[in-house]
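Okay, work.txt is below, compact mmCIF, C-alpha atoms:
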```
# COMPACT_ATOMS: atom_id res chain seq x y z
CA MET A 452 9.09 9.25 32.18
CA LYS A 453 5.83 10.10 30.47
CA VAL A 454 5.49 11.08 26.82
CA SER A 455 4.51 14.63 27.73
CA GLU A 456 7.72 15.09 29.71
CA ILE A 457 9.83 14.89 26.53
CA GLU A 458 8.90 18.46 25.66
CA SER A 459 10.22 19.76 28.97
CA LEU A 460 13.69 18.33 28.25
CA GLY A 461 14.57 21.43 26.26
CA THR A 462 15.04 21.38 22.52
CA PHE A 463 11.92 19.43 21.62
CA THR A 464 9.01 20.85 19.65
CA CYS A 465 5.79 18.93 19.73
CA LEU A 466 4.43 18.46 16.19
CA GLN A 467 1.59 16.11 17.06
CA GLY A 468 0.09 16.48 20.48
CA GLU A 469 -2.98 14.28 20.41
CA TYR A 470 -1.77 11.21 22.24
CA GLU A 471 -2.37 9.14 25.30
CA ASP A 472 0.17 10.27 27.87
CA ALA A 473 1.63 6.86 28.59
CA GLU A 474 4.70 5.92 30.58
CA ILE A 475 7.62 5.38 28.18
CA GLN A 476 8.93 1.83 28.58
CA ALA A 477 12.08 1.99 26.49
CA GLY A 478 13.85 3.79 23.67
CA TYR A 479 14.88 2.66 20.22
CA THR A 480 17.14 4.47 17.77
CA SER A 481 17.03 3.41 14.13
CA ASP A 482 16.29 4.55 10.60
CA LEU A 483 15.60 1.10 9.27
CA LEU A 484 11.90 0.46 9.50
CA SER A 485 12.24 -3.32 9.38
CA ASP A 486 14.62 -3.09 12.27
CA VAL A 487 12.18 -0.95 14.25
CA MET A 488 9.36 -3.32 13.35
CA GLY A 489 11.27 -6.39 14.45
CA ASN A 490 13.10 -5.09 17.50
CA ALA A 491 11.59 -2.00 19.14
CA ALA A 492 9.89 -2.86 22.41
CA GLU A 493 6.20 -2.12 23.03
CA GLY A 494 5.82 1.32 24.60
CA SER A 495 9.09 2.67 23.14
CA VAL A 496 10.01 6.14 22.06
CA LEU A 497 11.52 5.97 18.56
CA ILE A 498 14.49 8.22 17.77
CA THR A 499 14.93 8.55 14.02
CA ILE A 500 15.40 10.78 11.00
CA GLN A 501 12.76 8.97 8.92
CA ALA A 502 10.08 11.64 8.83
CA HIS A 503 7.35 10.15 6.66
CA LYS A 504 4.08 8.29 6.88
CA ASN A 505 5.58 4.81 6.89
CA THR A 506 7.42 5.59 10.11
CA VAL A 507 4.02 6.04 11.72
CA ALA A 508 2.71 2.78 10.22
CA VAL A 509 5.66 0.86 11.62
CA SER A 510 5.43 2.65 14.97
CA SER A 511 1.79 1.82 15.30
CA LEU A 512 2.37 -1.85 14.49
CA ALA A 513 5.34 -2.09 16.84
CA GLY A 514 3.57 -0.26 19.65
CA VAL A 515 5.84 2.80 19.62
CA VAL A 516 4.15 5.59 21.61
CA ALA A 517 6.23 8.58 20.52
CA ILE A 518 8.51 9.48 17.62
CA ILE A 519 11.38 11.94 17.95
CA ILE A 520 12.66 13.35 14.66
CA CYS A 521 16.27 14.48 14.89
CA ASN A 522 18.36 17.11 13.09
CA ASN A 523 15.22 19.26 12.72
CA ARG A 524 14.16 17.25 9.72
CA PRO A 525 10.79 18.44 8.46
CA ALA A 526 7.91 16.04 8.99
CA ALA A 527 5.54 15.49 6.07
CA ASP A 528 1.97 16.67 6.66
CA ASP A 529 0.53 13.24 5.95
CA MET A 530 2.91 11.83 8.58
CA ILE A 531 1.51 14.13 11.22
CA GLU A 532 -2.01 13.37 10.13
CA ALA A 533 -1.38 9.61 10.29
CA ALA A 534 0.17 9.95 13.75
CA ARG A 535 -2.86 11.92 14.92
CA SER A 536 -5.24 9.20 13.86
CA GLU A 537 -3.04 6.58 15.54
CA GLY A 538 -2.55 8.65 18.70
CA ILE A 539 1.24 8.64 18.42
CA ALA A 540 3.15 11.73 19.60
CA ILE A 541 5.72 13.39 17.33
CA PHE A 542 8.52 15.64 18.56
CA GLN A 543 11.16 17.42 16.55
CA THR A 544 14.63 18.33 17.82
CA SER A 545 17.77 20.01 16.52
CA GLY A 546 19.86 17.39 18.28
CA ASN A 547 21.35 14.46 16.43
CA GLN A 548 20.40 10.85 17.10
CA PHE A 549 23.39 10.19 19.36
CA ASP A 550 22.81 13.14 21.65
CA THR A 551 19.07 12.66 21.70
CA SER A 552 19.38 8.97 22.54
CA ALA A 553 21.79 9.74 25.36
CA LEU A 554 19.48 12.40 26.76
CA ILE A 555 16.38 10.22 26.61
CA ALA A 556 18.23 7.21 28.04
CA GLN A 557 19.36 9.32 30.97
CA HIS A 558 15.78 10.28 31.73
CA LEU A 559 14.53 6.74 31.31
CA GLY A 560 16.92 5.78 34.09
CA GLY A 561 19.84 4.59 32.01
CA CYS A 562 19.81 2.00 29.26
CA PRO A 563 17.48 -0.82 30.19
CA ALA A 564 19.21 -4.18 30.58
CA ARG A 565 18.68 -6.23 27.44
CA MET B 1129 -15.21 -0.79 3.83
CA GLU B 1130 -15.12 2.94 3.35
CA GLY B 1131 -16.11 4.50 0.07
CA GLU B 1132 -12.95 3.82 -1.90
CA GLN B 1133 -13.36 4.13 -5.60
CA LYS B 1134 -12.64 1.22 -7.90
CA GLU B 1135 -11.82 -1.14 -5.06
CA PRO B 1136 -12.54 -4.61 -6.49
CA LEU B 1137 -15.17 -6.71 -4.76
CA GLN B 1138 -13.81 -8.62 -1.81
CA SER B 1139 -15.38 -11.83 -3.11
CA SER B 1140 -13.70 -11.51 -6.48
CA LEU B 1141 -10.34 -10.86 -4.84
CA ARG B 1142 -10.88 -13.92 -2.70
CA VAL B 1143 -11.57 -16.13 -5.68
CA GLN B 1144 -8.41 -14.84 -7.33
CA GLU B 1145 -6.46 -15.42 -4.18
CA LEU B 1146 -7.84 -18.94 -3.85
CA ILE B 1147 -7.01 -20.00 -7.36
CA TYR B 1148 -3.60 -18.35 -7.18
CA GLY B 1149 -2.88 -20.44 -4.13
CA LEU B 1150 -3.75 -23.79 -5.69
CA ARG B 1151 -0.83 -25.99 -6.63
CA ILE B 1152 -0.36 -26.67 -10.32
CA SER B 1153 -0.59 -30.39 -9.50
CA GLU B 1154 -4.16 -29.86 -8.23
CA VAL B 1155 -5.25 -28.27 -11.48
CA MET B 1156 -3.28 -29.92 -14.29
CA THR B 1157 -4.38 -32.85 -16.42
CA SER B 1158 -2.47 -35.85 -15.11
CA LYS B 1159 -3.27 -38.10 -18.02
CA VAL B 1160 -0.75 -36.82 -20.55
CA PHE B 1161 -0.43 -37.98 -24.10
CA ALA B 1162 3.27 -38.00 -24.91
CA VAL B 1163 5.42 -39.54 -27.61
CA THR B 1164 8.97 -40.84 -27.57
CA ARG B 1165 11.76 -39.69 -29.83
CA ASN B 1166 11.31 -42.52 -32.32
CA CYS B 1167 7.67 -41.68 -33.07
CA THR B 1168 6.65 -40.04 -36.33
CA MET B 1169 4.69 -36.90 -37.02
CA ARG B 1170 1.89 -39.17 -38.21
CA ASP B 1171 1.72 -40.70 -34.70
CA VAL B 1172 1.40 -37.23 -33.24
CA GLN B 1173 -1.34 -36.34 -35.69
CA THR B 1174 -3.31 -39.43 -34.66
CA ILE B 1175 -2.96 -38.62 -30.98
CA MET B 1176 -4.02 -35.02 -31.46
CA LYS B 1177 -6.99 -35.97 -33.59
CA ASN B 1178 -8.26 -38.76 -31.34
CA ASN B 1179 -7.98 -36.76 -28.15
CA SER B 1180 -8.59 -33.26 -29.47
CA ILE B 1181 -5.45 -31.79 -28.00
CA THR B 1182 -3.10 -29.21 -29.42
CA GLY B 1183 0.27 -30.07 -27.92
CA VAL B 1184 2.12 -33.33 -27.38
CA PRO B 1185 5.33 -33.49 -25.32
CA VAL B 1186 8.20 -35.63 -26.53
CA VAL B 1187 9.83 -37.61 -23.72
CA GLY B 1188 13.03 -39.54 -23.31
CA ASN B 1189 13.60 -41.34 -20.03
CA LYS B 1190 10.46 -39.68 -18.63
CA ARG B 1191 12.06 -36.25 -19.12
CA VAL B 1192 10.59 -33.72 -21.51
CA VAL B 1193 12.97 -33.31 -24.45
CA GLY B 1194 10.65 -31.41 -26.76
CA ILE B 1195 7.10 -30.57 -27.68
CA ILE B 1196 5.08 -30.81 -30.89
CA THR B 1197 2.35 -28.24 -31.26
CA MET B 1198 -0.38 -27.91 -33.84
CA ASN B 1199 1.85 -25.43 -35.61
CA ASP B 1200 4.74 -27.88 -35.97
CA LEU B 1201 2.31 -30.48 -37.23
CA MET B 1202 0.96 -28.13 -39.87
CA ASN B 1203 4.45 -27.29 -41.05
CA ALA B 1204 5.28 -30.97 -41.39
CA LEU B 1205 2.02 -31.58 -43.21
CA GLU B 1206 2.77 -28.80 -45.66
CA GLN B 1207 6.17 -30.26 -46.42
CA GLY B 1208 4.75 -33.75 -46.77
CA ALA B 1209 6.96 -34.92 -43.94
CA MET B 1210 4.44 -36.83 -41.86
CA GLU B 1211 6.54 -39.99 -41.80
CA GLU B 1212 9.53 -38.14 -40.44
CA ASN B 1213 10.74 -38.46 -36.90
CA VAL B 1214 9.34 -36.07 -34.27
CA THR B 1215 12.85 -34.96 -33.32
CA LYS B 1216 13.10 -33.18 -36.68
CA TRP B 1217 10.04 -31.05 -36.06
CA MET B 1218 9.74 -30.63 -32.33
CA VAL B 1219 10.64 -27.50 -30.43
CA GLY B 1220 13.54 -28.58 -28.28
CA GLU B 1221 13.74 -25.88 -25.64
CA VAL B 1222 10.57 -26.49 -23.68
CA GLN B 1223 9.34 -24.23 -20.94
CA THR B 1224 8.05 -26.58 -18.24
CA LEU B 1225 6.39 -25.77 -14.94
CA ALA B 1226 6.99 -27.56 -11.65
CA GLU B 1227 3.99 -29.30 -10.10
CA GLU B 1228 4.50 -27.76 -6.65
CA MET B 1229 4.36 -24.21 -8.04
CA PRO B 1230 1.29 -22.12 -7.25
CA LEU B 1231 -1.18 -21.67 -10.07
CA SER B 1232 -0.36 -17.96 -10.20
CA PHE B 1233 2.99 -18.88 -11.77
CA ALA B 1234 1.22 -20.76 -14.54
CA ILE B 1235 -1.03 -17.76 -15.15
CA SER B 1236 2.05 -15.53 -15.42
CA ALA B 1237 3.67 -18.05 -17.78
CA PHE B 1238 0.64 -17.99 -20.09
CA GLY B 1239 0.86 -14.21 -20.11
CA LYS B 1240 4.59 -14.16 -20.78
CA PHE B 1241 4.92 -16.88 -23.40
CA SER B 1242 2.54 -17.45 -26.27
CA PHE B 1243 2.29 -21.18 -25.62
CA ARG B 1244 -1.08 -22.85 -25.30
CA GLN B 1245 0.12 -25.50 -22.90
CA PHE B 1246 2.96 -26.20 -20.52
CA PRO B 1247 4.24 -29.67 -19.64
CA VAL B 1248 4.40 -30.10 -15.86
CA VAL B 1249 7.29 -31.93 -14.20
CA ASN B 1250 8.00 -33.26 -10.71
CA LYS B 1251 11.12 -32.67 -8.60
CA LYS B 1252 12.98 -35.33 -10.59
CA ASN B 1253 12.14 -33.42 -13.76
CA GLU B 1254 9.86 -36.23 -14.97
CA LEU B 1255 6.73 -35.40 -16.93
CA THR B 1256 3.67 -35.74 -14.67
CA GLY B 1257 1.03 -33.61 -16.36
CA ILE B 1258 0.13 -30.84 -18.71
CA ILE B 1259 -1.63 -27.56 -18.04
CA THR B 1260 -3.76 -25.53 -20.45
CA PHE B 1261 -6.07 -22.55 -20.14
CA ARG B 1262 -8.94 -24.99 -19.91
CA ASN B 1263 -7.56 -26.37 -16.63
CA ILE B 1264 -7.36 -22.83 -15.25
CA ASN B 1265 -10.93 -22.09 -16.29
CA HIS B 1266 -12.13 -25.23 -14.55
CA ALA B 1267 -10.31 -24.31 -11.37
CA LEU B 1268 -11.76 -20.82 -11.55
CA ILE B 1269 -15.31 -22.12 -11.88
CA ARG B 1270 -14.75 -24.59 -9.05
CA GLU B 1271 -13.47 -21.90 -6.71
CA LEU B 1272 -16.21 -19.50 -7.77
CA SER B 1273 -18.92 -21.97 -6.83
CA ARG B 1274 -17.17 -22.78 -3.60
CA GLN B 1275 -16.99 -19.09 -2.77
CA LEU B 1276 -20.66 -18.61 -3.59
CA ARG B 1277 -21.65 -21.55 -1.41
CA GLU B 1278 -19.61 -20.09 1.44
CA MET B 1279 -21.28 -16.72 1.00
CA GLU B 1280 -24.71 -18.32 1.05
CA GLN B 1281 -23.91 -20.19 4.23
CA GLN B 1282 -22.59 -17.04 5.85
CA HIS B 1283 -25.76 -15.29 4.82
CA GLU B 1284 -27.86 -17.96 6.51
CA ASN B 1285 -25.83 -18.12 9.71
CA PRO B 1286 -23.99 -14.86 10.13
CA HIS B 1287 -20.98 -15.01 12.43
CA GLU B 1288 -21.41 -13.37 15.77
CA GLN B 1289 -19.58 -10.08 16.15
CA GLU B 1290 -16.91 -11.52 18.38
CA SER B 1291 -15.95 -14.33 16.06
CA VAL B 1292 -12.27 -14.47 15.31
CA ARG B 1293 -12.91 -15.85 11.84
CA LEU B 1294 -11.94 -13.63 8.96
CA ASN B 1295 -11.15 -14.02 5.30
CA LYS B 1296 -9.84 -10.94 3.64
CA VAL B 1297 -7.73 -10.15 0.64
CA TYR B 1298 -5.89 -6.90 -0.05
CA GLN B 1299 -4.61 -5.83 -3.42
CA LEU B 1300 -1.23 -4.09 -3.47
CA HIS B 1301 0.31 -2.03 -6.22
CA ARG B 1302 3.91 -1.36 -7.09
CA TYR B 1303 5.49 1.53 -5.19
CA ASP B 1304 2.21 2.40 -3.49
CA PHE B 1305 3.91 3.04 -0.17
CA GLU B 1306 0.96 5.26 0.74
CA ASN B 1307 -1.18 2.19 1.34
CA GLY B 1308 1.58 -0.17 2.44
CA GLY B 1309 0.77 -0.95 6.04
CA LYS B 1310 -2.98 -0.50 5.73
CA ALA B 1311 -3.73 -4.21 5.66
CA SER B 1312 -1.46 -4.96 8.61
CA SER B 1313 -2.95 -2.22 10.70
CA GLU B 1314 -6.52 -3.40 9.98
CA ILE B 1315 -5.65 -6.99 10.85
CA LYS B 1316 -3.83 -5.89 13.99
CA LYS B 1317 -6.89 -3.98 15.16
CA PHE B 1318 -9.15 -6.92 14.35
CA LEU B 1319 -7.07 -9.34 16.45
CA LYS B 1320 -6.58 -6.89 19.29
CA GLN B 1321 -10.32 -6.29 19.57
CA ARG B 1322 -10.82 -10.02 19.92
CA GLY B 1323 -8.47 -10.28 22.85
CA ILE B 1324 -5.59 -12.09 21.16
CA PRO B 1325 -2.44 -11.67 23.32
CA SER B 1326 -0.43 -8.66 22.21
CA LYS B 1327 2.74 -10.71 21.67
CA VAL B 1328 0.95 -12.87 19.13
CA VAL B 1329 -0.73 -9.88 17.51
CA ARG B 1330 2.64 -8.27 17.11
CA ARG B 1331 4.06 -11.34 15.36
CA VAL B 1332 1.15 -11.28 12.93
CA ALA B 1333 1.71 -7.56 12.39
CA VAL B 1334 5.44 -8.01 11.72
CA ALA B 1335 4.88 -10.81 9.20
CA SER B 1336 2.06 -9.05 7.46
CA TYR B 1337 3.77 -5.66 7.31
CA GLU B 1338 6.99 -7.07 5.87
CA LEU B 1339 5.05 -8.99 3.23
CA GLU B 1340 3.00 -5.93 2.42
CA ILE B 1341 6.10 -3.79 1.95
CA ASN B 1342 7.75 -6.56 -0.09
CA LEU B 1343 4.81 -6.55 -2.48
CA VAL B 1344 4.89 -2.77 -2.78
CA ALA B 1345 8.67 -2.41 -3.05
CA HIS B 1346 9.73 -5.47 -5.01
CA SER B 1347 6.86 -6.93 -6.99
CA ILE B 1348 4.99 -5.58 -9.97
CA GLY B 1349 1.87 -5.92 -7.83
CA GLY B 1350 0.09 -8.67 -6.02
CA MET B 1351 -2.27 -9.62 -3.26
CA LEU B 1352 -2.09 -10.31 0.43
CA GLY B 1353 -4.65 -12.71 1.84
CA PHE B 1354 -5.60 -13.36 5.45
CA ASP B 1355 -7.39 -16.51 6.53
CA ILE B 1356 -8.04 -16.37 10.25
CA ASN B 1357 -9.75 -18.91 12.49
CA GLU B 1358 -9.63 -19.70 16.22
CA LYS B 1359 -6.42 -21.64 15.82
CA ARG B 1360 -4.23 -19.65 13.49
CA VAL B 1361 -3.65 -16.75 11.15
CA LYS B 1362 -2.62 -17.78 7.67
CA ILE B 1363 -1.09 -15.02 5.57
CA SER B 1364 -0.43 -15.59 1.88
CA ALA B 1365 1.34 -13.17 -0.40
CA HIS B 1366 1.17 -13.70 -4.15
CA ASP B 1367 2.67 -11.57 -6.83
CA ARG B 1368 2.95 -11.66 -10.58
CA GLY B 1369 6.67 -11.12 -10.78
CA PRO B 1370 9.51 -10.50 -11.25
CA GLY B 1371 10.31 -13.51 -9.07
CA ILE B 1372 13.35 -14.25 -6.95
CA ALA B 1373 16.41 -15.72 -8.67
CA ASP B 1374 18.01 -17.10 -5.53
CA ILE B 1375 15.67 -17.77 -2.62
CA GLU B 1376 18.46 -18.69 -0.24
CA GLN B 1377 20.08 -15.34 -0.87
CA ALA B 1378 16.77 -13.54 -0.38
CA MET B 1379 16.36 -15.29 2.96
CA THR B 1380 19.80 -14.12 4.11
CA GLU B 1381 19.68 -11.24 6.54
CA GLY B 1382 21.18 -8.13 4.99
CA PHE B 1383 20.67 -9.13 1.37
CA SER B 1384 18.42 -6.79 -0.57
CA THR B 1385 17.81 -5.77 -4.15
CA ALA B 1386 16.08 -2.54 -3.12
CA ASN B 1387 16.97 0.63 -5.03
CA GLU B 1388 18.32 3.83 -3.51
CA TRP B 1389 14.95 5.48 -3.17
CA ILE B 1390 13.44 2.51 -1.33
CA ARG B 1391 16.47 2.47 0.97
CA SER B 1392 16.14 6.18 1.66
CA GLN B 1393 12.64 5.48 2.92
CA GLY B 1394 14.05 3.14 5.55
CA PHE B 1395 13.29 -0.07 3.70
CA GLY B 1396 15.50 -2.51 1.86
CA ALA B 1397 17.70 -3.45 4.80
CA GLY B 1398 17.42 -7.09 3.81
CA MET B 1399 15.44 -7.98 6.90
CA GLY B 1400 12.01 -8.47 5.42
CA LEU B 1401 11.80 -12.17 4.62
CA PRO B 1402 14.06 -13.23 7.52
CA ASN B 1403 11.78 -11.23 9.85
CA VAL B 1404 8.70 -12.96 8.47
CA LYS B 1405 10.26 -16.38 8.93
CA ARG B 1406 11.40 -15.57 12.47
CA VAL B 1407 7.94 -14.62 13.72
CA SER B 1408 6.07 -17.42 11.91
CA ASP B 1409 5.30 -20.89 13.18
CA GLU B 1410 5.18 -22.20 9.63
CA PHE B 1411 6.79 -20.54 6.65
CA ALA B 1412 6.96 -21.44 2.96
CA ILE B 1413 8.23 -19.60 -0.07
CA GLU B 1414 8.03 -20.49 -3.73
CA SER B 1415 9.40 -18.34 -6.52
CA ALA B 1416 10.28 -18.48 -10.20
CA VAL B 1417 11.83 -15.73 -12.27
CA GLY B 1418 9.33 -14.18 -14.65
CA MET B 1419 6.38 -15.87 -12.96
CA GLY B 1420 6.10 -14.61 -9.43
CA THR B 1421 6.55 -15.34 -5.78
CA MET B 1422 4.29 -16.90 -3.19
CA VAL B 1423 4.95 -16.67 0.52
CA GLN B 1424 2.83 -18.36 3.13
CA ALA B 1425 3.22 -17.62 6.82
CA ILE B 1426 1.18 -19.26 9.56
CA ILE B 1427 1.03 -18.00 13.13
CA HIS B 1428 -0.73 -20.07 15.79
CA LEU B 1429 -3.05 -18.16 18.05
CA ASN B 1430 -3.47 -20.53 20.94
CA LYS B 1431 -0.23 -22.00 22.05
CA GLU B 1432 2.34 -19.80 23.68
CA SER B 1433 4.90 -19.89 20.96
CA GLU B 1434 8.62 -19.87 21.48
CA ASN B 1435 9.08 -17.47 18.59
CA GLU B 1436 9.82 -13.96 19.76
CA GLY B 1437 8.13 -10.96 18.24
```

Taking this structure as input, can you express it in the form of structure tokens?
Amino acid sequence: MKVSEIESLGTFTCLQGEYEDAEIQAGYTSDLLSDVMGNAAEGSVLITIQAHKNTVAVSSLAGVVAIIICNNRPAADDMIEAARSEGIAIFQTSGNQFDTSALIAQHLGGCPAR
Amino acid sequence: MEGEQKEPLQSSLRVQELIYGLRISEVMTSKVFAVTRNCTMRDVQTIMKNNSITGVPVVGNKRVVGIITMNDLMNALEQGAMEENVTKWMVGEVQTLAEEMPLSFAISAFGKFSFRQFPVVNKKNELTGIITFRNINHALIRELSRQLREMEQQHENPHEQESVRLNKVYQLHRYDFENGGKASSEIKKFLKQRGIPSKVVRRVAVASYELEINLVAHSIGGMLGFDINEKRVKISAHDRGPGIADIEQAMTEGFSTANEWIRSQGFGAGMGLPNVKRVSDEFAIESAVGMGTMVQAIIHLNKESENEG
């Protein structure tokens, strides 16, 4: 699945659309930035409720290509700005992290073997 | 560097970083004048006068049991007690420094206590030296000239664009999460542009980001230095305090002293230092309460390392 295809899954609003439309390699669900930093695979989509600038910093360092913010949490302006300059997509959804992860996993072809 | 206001000169940051990273043993005076418990205040006076020093440690069994400063000597003089034993006049609770500590700890100690000198001890707690402001000034001048020489050489033979060599120091301020991550992202880009394998770049990024956030979230401020050559990336983090009481605890996954706000930002999961250690080929930490913390992480660039990012 490509990053742009996230929007077509239904309840996702694109907040930051200037990104390279890469193939999503994996998904990672976490609100702990150290955990994301240490464990998210390169090319992941990050499912989180941490909607601030540091999420973008960590995503960029870890090679996360898209961030999905759950529970319709508002994203700070400087977060969106930072993501734009890093070329990382941001989507917002009303779904919670569990449902969103399940949905994305399904479209990534099930949970990748770890 | 873009037009940031009040950003200190890179060269001055580097000199600071260099002297902070020196070991106290490299800077201290090793020839120490000390007295034993059965010496008199008169003996101390003679030693101070002949060697123009202002503090003399009192030792028993090579351990520091007290110190006589100029002040104590003057008090004894006033009371006409120069023939009395040093044990009557010495200050018994002596703040010592360990010789393997980084110089930054000594600088913090001078700021925190009003002492003019600190006796330096080895791992066995035996007196091995003494450190004064003069030693720090000498080290500063030495590193300044070294830095100047390096700059001159670089000026004469500038590195080609593709060179992987880099020396850069970033200053970090308490709770400045806005800029936490800036250094790591710059270094990541630098290494990526030079074709370093992405797995290795990621390990550097993890170590540097965690150290950056540690400085911002836990220290009262400090600096993060990068020394990069063809073989390795050396990252050093220095701060001025508060220092870690129990390093083993701090290295335990899940242990954190972060406050609620820091946790709400997604930090403080107690993974920082363990993460740094995991991705590094060499790792060292040194800390003392009230003086600061120094972390050094080295990541090799060439060999395919077994450490996972």

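For the choices B:Met1210, B:Met1169, B:Leu1137, B:Ile1372, the atom-to-atom distance to Gly1418 in chain B is smallest for B:Ile1372 when using only C-alpha atoms.
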
Inset, instruction - For range 1263-1277 of chain B, work out the shell of residues within 9 Å, counting only C-alpha atoms and skipping chain neighbours fewer than 2 positions away, then give it as number ranges by chain. - result: B: 1139-1140, 1142-1144, 1146-1147, 1150, 1154-1157, 1231, 1234-1235, 1259-1261, 1279-1282

Inset, instruction - Tell me which of A:Asp550, A:Glu537, A:Glu469, A:Glu458 sits closest to chain B, counting all atoms listed in the file. - result: A:Glu537

Inset, instruction - Taking all atoms listed in the file into account, report as number ranges by chain which residues of chain B lie within 7 Å of chain A. - result: B: 1309, 1313, 1330, 1333-1334, 1393-1395, 1397, 1399-1400, 1403, 1437

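The space between CA of Gln1424 in chain B and CA of Pro1230 in chain B spans 11.1 Å.
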
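Note that the spacing between CA of Ala526 in chain A and CA of Lys1320 in chain B amounts to 29.0 Å.
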
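Computed from the coordinates, the CA of Asn1179 in chain B to CA of Val1219 in chain B distance equals 20.9 Å.
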
Legend entry - Selection near Gly478 in chain A, 12 Å with all atoms listed in the file, sequence-local residues under 3 positions removed, as a ChimeraX atom specification: /A:452,454,474-475,481,487,490-499,514-519,548,551-565

Legend entry - Surrounding residues of Val1214 in chain B excluding itself and chain neighbours under 5 positions, 12 Å, only C-alpha atoms, as a PyMOL selection string: chain B and resi 1162-1173+1184-1187+1193-1197+1200-1201+1204+1209+1219-1220

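Excluding Ile1356 in chain B itself and any same-chain residue fewer than 2 positions from it, the protein and nucleic acid residues within 8 Å of it, counting only C-alpha atoms, are Val1292, Arg1293, Leu1294, Asn1295, Phe1354, Glu1358, Lys1359, Arg1360, Val1361 and Lys1362 of chain B.
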
Inset, instruction - With only C-alpha atoms counted, which protein, DNA or RNA residues have an atom no more than 7 Å from (16.6, 21.4, 13.4) in the file frame? Please answer as an MDAnalysis selection string. - result: chainID A and resid 522:524 544:545

Legend entry - Of the listed residues A:Gln467, A:Thr480, A:Thr462, A:Ser455, that which approaches Gly538 in chain A most closely, counting all atoms listed in the file: A:Gln467

Legend entry - Neighbour list for Phe1233 in chain B as a list in words, cut-off 10 Å, all atoms listed in the file, skip fewer than 3 positions in-chain: Tyr1148, Gly1149, Arg1151, Ile1152, Leu1225, Ala1226, Met1229, Pro1230, Ser1236, Ala1237, Phe1238, Gly1239, His1366, Asp1367, Arg1368, Gly1369, Gly1371, Glu1414, Ser1415, Ala1416, Val1417, Gly1418, Met1419, Gly1420, Thr1421 and Met1422 of chain B
